[in-house]
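What follows is a short report on a single structure.
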Amino acid sequence: MTINEAGGRDLAVMIVDDDAAVRDALGLLLGVRGYRTAVFASGEAFLQAWRPDWNGCLLVDIRMSGMDGLALQSELAARGCRIPVVIMSGHGDVGTARAAFRADAVDFLEKPFDDDKLIAAIDEGLARARLVGGEQRRRGAGADRLAGLTPREREVMQLVVSGCHNREIGPALGISVRTVEVHKARLMSKLGVDNVADLVRLSMLEAGDAP
């Protein structure tokens, strides 16, 4: 498949290895099993092609000419990319494996690897990717709703989620308690929430602190 086909909403297994024979073998194995795949000859090539809307699982060789697998993993994290990573190595050692797992790798597989272990690691990576994609869509929907608030409604919301009551919000904003109630009702309607707990959760989502 082409690089562009790996983007968008479809989950893909993105193979990064400087050995063409390994890329071809993995592409064939996964393609036969129904996985969407895209292949890259180096970490640099992947970074040049990568787009923030890509989602799936990254299968990366640890030792490559140029940028190695751990360096690629680190750079993706720095860019805010949360694509799950499975590390491959023909020269595995405890220290390297530990470094990969500290960087939140899904698994560390030594070549030649067992096909069943490879598939299990990829499936776990794709399961993580689905969770990440769902969270991103949830955050996007929440951000869209929050963007529809007026400045006054946002002020009321901030005071509500900080624990203030209507009778405290009114004097703080120089408006009547009845006006506070109207703003509060409107903002909760716009946000699609019907209680303060959900309002707090949505405000945390905007701040990036939501669970």
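Residue numbers start at 1 in each chain; chains themselves are named A, B, ... in the order of the structure tokens; ligands are numbered from 1 in the order shown.
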
### Message
List the spatial neighbours of A:Leu11 as a list in words - criterion: any atom at most 12 Å away, only C-alpha atoms, same-chain residues fewer than 6 positions off excluded.
### Response
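With the cut-off at 12 Å, the set is Glu5, Gly34, Tyr35, Arg36, Thr37, Ala38, Asp53, Trp54, Asn55, Gly56, Cys57, Leu58, Ile83, Pro84, Ile122, Asp123, Gly125, Leu126, Ala127, Arg128, Ala129, Arg130, Leu131, Val132 and Gly133 of chain A.
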
Could the residues in this selection be written to a file with N, CA and C atoms, as a short mmCIF file (atom, residue, chain, number, x, y, z; two decimals), in the first residue's frame?
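The result, written out as out-v1.cif:
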```cif
data_model
loop_
_atom_site.label_atom_id
_atom_site.label_comp_id
_atom_site.auth_asym_id
_atom_site.auth_seq_id
_atom_site.Cartn_x
_atom_site.Cartn_y
_atom_site.Cartn_z
N GLU A 5 -2.25 5.78 2.02
CA GLU A 5 -3.29 4.85 2.45
C GLU A 5 -3.15 4.47 3.92
N GLY A 34 -4.29 -10.03 6.49
CA GLY A 34 -5.33 -9.01 6.44
C GLY A 34 -4.99 -7.67 7.06
N TYR A 35 -3.73 -7.47 7.46
CA TYR A 35 -3.34 -6.18 8.04
C TYR A 35 -3.01 -5.17 6.94
N ARG A 36 -3.36 -3.92 7.17
CA ARG A 36 -2.92 -2.84 6.29
C ARG A 36 -1.49 -2.48 6.69
N THR A 37 -0.61 -2.36 5.72
CA THR A 37 0.79 -2.09 6.03
C THR A 37 1.35 -0.95 5.20
N ALA A 38 2.38 -0.33 5.72
CA ALA A 38 3.18 0.65 4.99
C ALA A 38 4.62 0.43 5.41
N ASP A 53 -2.36 12.66 11.76
CA ASP A 53 -3.61 11.90 11.74
C ASP A 53 -3.38 10.40 11.52
N TRP A 54 -2.13 9.97 11.37
CA TRP A 54 -1.87 8.54 11.21
C TRP A 54 -2.17 7.81 12.51
N ASN A 55 -2.71 6.61 12.38
CA ASN A 55 -3.00 5.81 13.56
C ASN A 55 -2.75 4.35 13.24
N GLY A 56 -2.24 3.63 14.19
CA GLY A 56 -1.94 2.22 13.99
C GLY A 56 -0.84 1.78 14.93
N CYS A 57 0.03 0.91 14.44
CA CYS A 57 1.12 0.36 15.24
C CYS A 57 2.41 0.46 14.45
N LEU A 58 3.48 0.82 15.13
CA LEU A 58 4.78 0.99 14.48
C LEU A 58 5.66 -0.21 14.83
N ILE A 83 1.56 6.85 18.60
CA ILE A 83 1.44 5.56 17.93
C ILE A 83 2.20 4.50 18.73
N PRO A 84 1.55 3.40 19.11
CA PRO A 84 2.24 2.34 19.85
C PRO A 84 3.39 1.75 19.04
N ILE A 122 1.56 -7.05 17.73
CA ILE A 122 0.91 -6.10 16.82
C ILE A 122 -0.55 -5.88 17.23
N ASP A 123 -1.23 -6.97 17.57
CA ASP A 123 -2.64 -6.83 17.97
C ASP A 123 -2.77 -5.99 19.24
N GLY A 125 -0.67 -3.65 20.11
CA GLY A 125 -0.39 -2.28 19.67
C GLY A 125 -1.59 -1.64 19.01
N LEU A 126 -2.28 -2.38 18.16
CA LEU A 126 -3.46 -1.84 17.49
C LEU A 126 -4.60 -1.59 18.48
N ALA A 127 -4.70 -2.46 19.50
CA ALA A 127 -5.72 -2.23 20.53
C ALA A 127 -5.45 -0.92 21.28
N ARG A 128 -4.16 -0.67 21.58
CA ARG A 128 -3.80 0.60 22.22
C ARG A 128 -4.12 1.78 21.29
N ALA A 129 -3.86 1.58 20.00
CA ALA A 129 -4.10 2.65 19.03
C ALA A 129 -5.58 3.01 18.96
N ARG A 130 -6.44 2.01 19.06
CA ARG A 130 -7.89 2.29 19.04
C ARG A 130 -8.28 3.12 20.24
N LEU A 131 -7.69 2.82 21.40
CA LEU A 131 -7.99 3.60 22.60
C LEU A 131 -7.51 5.04 22.44
N VAL A 132 -6.30 5.21 21.88
CA VAL A 132 -5.76 6.55 21.66
C VAL A 132 -6.64 7.32 20.68
N GLY A 133 -7.06 6.65 19.59
CA GLY A 133 -7.91 7.31 18.61
C GLY A 133 -9.24 7.73 19.19
#
```

### Query
Looking at A:Leu72, A:Ala78, A:Leu173, A:Leu109, which one is nearest to A:Gly90, with distances taken over only C-alpha atoms?
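Comparing A:Leu72, A:Ala78, A:Leu173, A:Leu109 against A:Gly90, the winner is A:Leu109.
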
#### Entry: Backbone-only DSSP, strand (DSSP E or B) members of stretch 14-67 of chain A, as a VMD selection string
chain A and resid 14 to 16 37 to 40 55 to 61

Write out, as an mmCIF file, in the first residue's frame, the residues just selected, with all heavy atoms.
```cif
data_model
loop_
_atom_site.group_PDB
_atom_site.id
_atom_site.type_symbol
_atom_site.label_atom_id
_atom_site.label_comp_id
_atom_site.auth_asym_id
_atom_site.auth_seq_id
_atom_site.Cartn_x
_atom_site.Cartn_y
_atom_site.Cartn_z
ATOM 1 N N MET A 14 2.927 0.014 10.482
ATOM 2 C CA MET A 14 3.977 0.742 9.766
ATOM 3 C C MET A 14 5.325 0.134 10.100
ATOM 4 O O MET A 14 5.757 0.162 11.247
ATOM 5 C CB MET A 14 3.900 2.225 10.123
ATOM 6 C CG MET A 14 2.658 2.897 9.544
ATOM 7 S SD MET A 14 2.119 4.382 10.450
ATOM 8 C CE MET A 14 1.057 3.656 11.707
ATOM 9 N N ILE A 15 5.956 -0.449 9.105
ATOM 10 C CA ILE A 15 7.200 -1.198 9.278
ATOM 11 C C ILE A 15 8.385 -0.304 8.941
ATOM 12 O O ILE A 15 8.467 0.238 7.840
ATOM 13 C CB ILE A 15 7.207 -2.443 8.371
ATOM 14 C CG1 ILE A 15 5.985 -3.335 8.679
ATOM 15 C CG2 ILE A 15 8.499 -3.225 8.527
ATOM 16 C CD1 ILE A 15 5.674 -4.340 7.582
ATOM 17 N N VAL A 16 9.308 -0.158 9.895
ATOM 18 C CA VAL A 16 10.495 0.667 9.680
ATOM 19 C C VAL A 16 11.728 -0.214 9.877
ATOM 20 O O VAL A 16 12.047 -0.610 11.002
ATOM 21 C CB VAL A 16 10.540 1.867 10.643
ATOM 22 C CG1 VAL A 16 11.745 2.752 10.328
ATOM 23 C CG2 VAL A 16 9.254 2.678 10.575
ATOM 24 N N THR A 37 -0.607 -2.357 5.717
ATOM 25 C CA THR A 37 0.786 -2.087 6.032
ATOM 26 C C THR A 37 1.347 -0.947 5.195
ATOM 27 O O THR A 37 0.854 -0.644 4.111
ATOM 28 C CB THR A 37 1.671 -3.337 5.787
ATOM 29 O OG1 THR A 37 1.600 -3.697 4.404
ATOM 30 C CG2 THR A 37 1.221 -4.505 6.660
ATOM 31 N N ALA A 38 2.382 -0.331 5.721
ATOM 32 C CA ALA A 38 3.180 0.654 4.986
ATOM 33 C C ALA A 38 4.624 0.428 5.412
ATOM 34 O O ALA A 38 4.884 0.108 6.577
ATOM 35 C CB ALA A 38 2.738 2.069 5.304
ATOM 36 N N VAL A 39 5.570 0.537 4.486
ATOM 37 C CA VAL A 39 6.966 0.240 4.806
ATOM 38 C C VAL A 39 7.852 1.460 4.594
ATOM 39 O O VAL A 39 7.609 2.278 3.690
ATOM 40 C CB VAL A 39 7.489 -0.946 3.969
ATOM 41 C CG1 VAL A 39 6.727 -2.209 4.308
ATOM 42 C CG2 VAL A 39 7.395 -0.648 2.477
ATOM 43 N N PHE A 40 8.886 1.571 5.437
ATOM 44 C CA PHE A 40 9.820 2.692 5.389
ATOM 45 C C PHE A 40 11.224 2.144 5.581
ATOM 46 O O PHE A 40 11.443 1.285 6.441
ATOM 47 C CB PHE A 40 9.491 3.719 6.474
ATOM 48 C CG PHE A 40 8.074 4.222 6.403
ATOM 49 C CD1 PHE A 40 7.050 3.545 7.048
ATOM 50 C CD2 PHE A 40 7.756 5.363 5.673
ATOM 51 C CE1 PHE A 40 5.733 3.990 6.982
ATOM 52 C CE2 PHE A 40 6.452 5.817 5.591
ATOM 53 C CZ PHE A 40 5.435 5.136 6.252
ATOM 54 N N ASN A 55 -2.709 6.609 12.381
ATOM 55 C CA ASN A 55 -2.999 5.806 13.565
ATOM 56 C C ASN A 55 -2.749 4.347 13.239
ATOM 57 O O ASN A 55 -2.994 3.895 12.121
ATOM 58 C CB ASN A 55 -4.449 6.007 14.025
ATOM 59 C CG ASN A 55 -4.659 5.532 15.452
ATOM 60 O OD1 ASN A 55 -3.702 5.240 16.176
ATOM 61 N ND2 ASN A 55 -5.904 5.445 15.868
ATOM 62 N N GLY A 56 -2.241 3.627 14.192
ATOM 63 C CA GLY A 56 -1.940 2.219 13.991
ATOM 64 C C GLY A 56 -0.841 1.782 14.926
ATOM 65 O O GLY A 56 -0.753 2.244 16.064
ATOM 66 N N CYS A 57 0.034 0.908 14.435
ATOM 67 C CA CYS A 57 1.119 0.364 15.240
ATOM 68 C C CYS A 57 2.414 0.463 14.446
ATOM 69 O O CYS A 57 2.435 0.217 13.242
ATOM 70 C CB CYS A 57 0.810 -1.093 15.581
ATOM 71 S SG CYS A 57 2.112 -1.949 16.493
ATOM 72 N N LEU A 58 3.481 0.825 15.126
ATOM 73 C CA LEU A 58 4.776 0.987 14.481
ATOM 74 C C LEU A 58 5.665 -0.206 14.831
ATOM 75 O O LEU A 58 5.862 -0.524 16.002
ATOM 76 C CB LEU A 58 5.415 2.288 14.966
ATOM 77 C CG LEU A 58 6.537 2.913 14.157
ATOM 78 C CD1 LEU A 58 6.110 3.154 12.719
ATOM 79 C CD2 LEU A 58 6.941 4.234 14.802
ATOM 80 N N LEU A 59 6.183 -0.873 13.808
ATOM 81 C CA LEU A 59 7.078 -2.016 13.971
ATOM 82 C C LEU A 59 8.470 -1.555 13.545
ATOM 83 O O LEU A 59 8.732 -1.341 12.357
ATOM 84 C CB LEU A 59 6.570 -3.172 13.094
ATOM 85 C CG LEU A 59 7.138 -4.569 13.291
ATOM 86 C CD1 LEU A 59 6.980 -5.035 14.736
ATOM 87 C CD2 LEU A 59 6.449 -5.541 12.344
ATOM 88 N N VAL A 60 9.366 -1.374 14.510
ATOM 89 C CA VAL A 60 10.636 -0.681 14.258
ATOM 90 C C VAL A 60 11.841 -1.544 14.618
ATOM 91 O O VAL A 60 11.906 -2.112 15.719
ATOM 92 C CB VAL A 60 10.700 0.627 15.077
ATOM 93 C CG1 VAL A 60 11.981 1.388 14.760
ATOM 94 C CG2 VAL A 60 9.503 1.503 14.793
ATOM 95 N N ASP A 61 12.818 -1.580 13.699
ATOM 96 C CA ASP A 61 14.077 -2.261 13.990
ATOM 97 C C ASP A 61 14.914 -1.373 14.910
ATOM 98 O O ASP A 61 14.974 -0.149 14.734
ATOM 99 C CB ASP A 61 14.831 -2.534 12.687
ATOM 100 C CG ASP A 61 16.058 -3.392 12.926
ATOM 101 O OD1 ASP A 61 15.985 -4.331 13.740
ATOM 102 O OD2 ASP A 61 17.098 -3.114 12.301
#
```

### Message
Just want the 6 Å neighbourhood of A:Val86, counted on only C-alpha atoms, with same-chain residues fewer than 4 positions away dropped. Output as a PyMOL selection string.
### Response
chain A and resi 59+105-107

Kindly save the residues from that selection, with C-alpha atoms included, as a compact mmCIF listing (two decimals), in the first residue's frame.
```txt
# COMPACT_ATOMS: atom_id res chain seq x y z
CA LEU A 59 7.08 -2.02 13.97
CA ALA A 105 7.21 0.08 23.82
CA VAL A 106 4.46 -2.52 23.44
CA ASP A 107 6.99 -5.35 23.13
```

### helix (DSSP H, G or I) positions in stretch 12-143 of chain A, given as a ChimeraX atom specification
/A:20-32,43-49,69-78,94-102,115-143

## Note on the structure
If you count only C-alpha atoms, the residue of A:Arg79, A:Thr179, A:Ser89, A:Arg51 closest to A:Asp19 turns out to be A:Ser89

### Query
Which residues, written as a list in words, have at least one atom at most 10 Å from A:Ser176, with only C-alpha atoms counted and residues fewer than 6 positions away on the same chain left out?
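Near A:Ser176, the qualifying residues are Asn166, Arg167, Ile169, Gly170 and Val182 of chain A.
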